[in-house]
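Following: one structure in structure tokens, then a few remarks.
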Amino acid sequence: DAGVTQSPTHLIKTRGQQVTLRCSPKSGHDTVSWYQQALGQGPQFIFQYYEEEERQRGNFPDRFSGHQFPNYSSELNVNALLLGDSALYLCASSLGLPRTEAFFGQGTRLTVV
Amino acid sequence: KQEVTQIPAALSVPEGENLVLNCSFTDSAIYNLQWFRQDPGKGLTSLLLIQSSQREQTSGRLNASLDKSSGRSTLYIAASQPGDSATYLCAVSYGNQFYFGTGTSLTVIP
């Protein structure tokens with residue numbers, strides 16, 4: 001079992017550009033959540049996808065959008081990048097309802113210059 | 001607003017010592033609580049999951065307890081090893097999302 005895989009591992013973008021991050025959930029999992037972790041902070045919830053729909057969203061602007069595909073993989077898109085978007089972006093997968101265990105990927109380190 | 005607090009922020013102990021990490025949360029209506037380990041610049045590794053109906057969970061040298069009424073959880077690490085050095089994060093679920101503390105940075109000195 002490959003677990004949760006994220007790509008790319010590192011990314012450098014210029015302010016104002018757009019970026020797409022990708023996540024493949026753990027085998028058998030159907031729910032994908034995205035988190036942003038700034039340096040020295042705990043992860044902050046961005047949104048969650050289930051059955052290809054955004055099920056819940058955290059306090060992030062519309063510049064952050066996502067998608068879930070029929071194979072349960074997911075993308076996180078960020079438009080009009082700001083310096084403050086520099087962070088570790090984490091993907092978590094779980095099976096179905098909220099009481100199940102969540103597994104995280106290794107993250108994508110995004111640096112905006 | 002749900003808040004999760006972890007104390008201490010940093011901890012340094014000699015190898016072999018038993019230690020306790022603390023997590024507190026403001027809203028006791030949780031679904032579950034999960035402890036994670038994070039190595040520098042890496043993702044999160046799940047250590048233990050405690051459902052809201054449970055009081056504790058054990059895995060090897062790790063034991064996590066949950067007291068919902070007081071809004072507290074502890075992670076007990078027995079016989080610490082240098083390989084345990086990492087940041088430990090407590091995450092509380094109230095439904096579809098986790099609320100995280102800022103973590104406890106643990107250093108185990110050989």
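To be explicit about the labels: the chains of the structure tokens are called A, B, and onward in the order shown, and within each one the residues are counted from 1, while ligands get numbers from 1 in the order they are shown.
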
* Which chain A residues are at most 10 Å from chain B (counting only C-alpha atoms), as a ChimeraX atom specification? -> /A:9,31,33-35,37,39-49,55-58,88-92,96-109

* With a distance cut-off of 12 Å and only C-alpha atoms, select the neighbouring residues of A:Leu83, excluding the residue or stretch itself and same-chain residues fewer than 5 positions from it, and output the selection as a list in words. => Ile12, Lys13, Thr14, Arg15, Gly16, Gln17, Ala38, Leu110, Thr111, Val112 and Val113 of chain A

Selection file, N, CA, C and O atoms, as a compact mmCIF listing (two decimals), in the first residue's frame:
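result_36.txt, freshly written:
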```txt
# COMPACT_ATOMS: atom_id res chain seq x y z
N ILE A 12 8.50 26.10 -6.68
CA ILE A 12 8.76 27.52 -6.51
C ILE A 12 7.98 28.27 -7.59
O ILE A 12 8.10 27.96 -8.77
N LYS A 13 7.17 29.24 -7.16
CA LYS A 13 6.36 30.02 -8.09
C LYS A 13 6.56 31.50 -7.83
O LYS A 13 6.97 31.92 -6.74
N THR A 14 6.23 32.29 -8.82
CA THR A 14 6.32 33.74 -8.71
C THR A 14 4.96 34.30 -8.31
O THR A 14 3.91 33.78 -8.72
N ARG A 15 5.00 35.35 -7.53
CA ARG A 15 3.77 36.03 -7.11
C ARG A 15 2.88 36.33 -8.31
O ARG A 15 3.38 36.78 -9.35
N GLY A 16 1.60 36.03 -8.18
CA GLY A 16 0.64 36.27 -9.26
C GLY A 16 0.38 35.06 -10.14
O GLY A 16 -0.63 35.02 -10.86
N GLN A 17 1.27 34.07 -10.08
CA GLN A 17 1.08 32.87 -10.89
C GLN A 17 0.02 31.96 -10.27
O GLN A 17 -0.52 32.21 -9.19
N ALA A 38 1.64 26.62 7.70
CA ALA A 38 2.69 27.63 7.70
C ALA A 38 3.78 27.21 8.68
O ALA A 38 3.54 26.40 9.58
N LEU A 110 5.43 24.64 -1.05
CA LEU A 110 5.28 25.70 -2.04
C LEU A 110 5.98 26.96 -1.55
O LEU A 110 5.72 27.42 -0.42
N THR A 111 6.86 27.49 -2.37
CA THR A 111 7.53 28.75 -2.07
C THR A 111 7.13 29.75 -3.14
O THR A 111 7.28 29.49 -4.34
N VAL A 112 6.59 30.89 -2.71
CA VAL A 112 6.20 31.96 -3.62
C VAL A 112 7.21 33.10 -3.47
O VAL A 112 7.43 33.59 -2.36
N VAL A 113 7.81 33.48 -4.59
CA VAL A 113 8.85 34.52 -4.54
C VAL A 113 8.43 35.77 -5.35
O VAL A 113 7.48 35.69 -6.15
```

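Residue neighbourhood of B:Ser12, excluding near-sequence residues (fewer than 2 positions): Ala10, Pro14, Leu106, Thr107, Val108 and Ile109 of chain B, at 8 Å, using only C-alpha atoms.
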
* Asked: Could you pull the residues within 7 Å of B:Thr5, counting only C-alpha atoms, minus those fewer than 2 positions along the same chain, as a list in words?
  ->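 Here the qualifying residues turn out to be Glu3, Ile7, Cys23, Ser24, Phe25 and Gly101 of chain B.
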
* To do: DSSP on the backbone, then: every residue of stretch 5-82 of chain B marked strand (DSSP E), written as an MDAnalysis selection string.
  => chainID B and resid 5:7 10:14 19:25 32:38 44:51 56:59 62:67 72:77

* Using only C-alpha atoms, which residues sit within 7 Å of A:Ser7 once same-chain residues fewer than 5 positions away are excluded, as an NGL selection string? -> :A and (21-23 or 108)

* Asked: Separation of atom CA of B:Ser59 and atom CA of B:Trp35, in Å?
  ->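 Computing it gives 11.6 Å between the two atoms.
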
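Between atom CA of B:Ser85 and atom CA of B:Glu17 there is a distance of 12.7 Å.
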
* Asked: Could you state the separation of atom CA of A:Val4 and atom CA of B:Val92 in Å, given to one decimal place?
  ->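 Pair atom CA of A:Val4 / atom CA of B:Val92 returns 20.4 Å.
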
* Contacts of B:Thr104 at 8 Å (only C-alpha atoms; same-chain gap of 3+ positions) as a PyMOL selection string -> chain B and resi 6-11+21+87-89

* To do: Name the closest residue to A:Leu82 among the candidates A:Gln18, A:Gln36, A:Gln6, A:Ser65; distances are taken between atoms, counting only C-alpha atoms.
  =>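 Ranked by minimum distance to A:Leu82, first place goes to A:Gln18.
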
* To do: Tell me which protein, DNA and RNA residues are within 7 Å of B:Asn63, counting only C-alpha atoms, leaving out same-chain ones fewer than 6 positions away, and put them as JSON, numbers by chain.
  => {"B": [57, 75, 76, 77]}
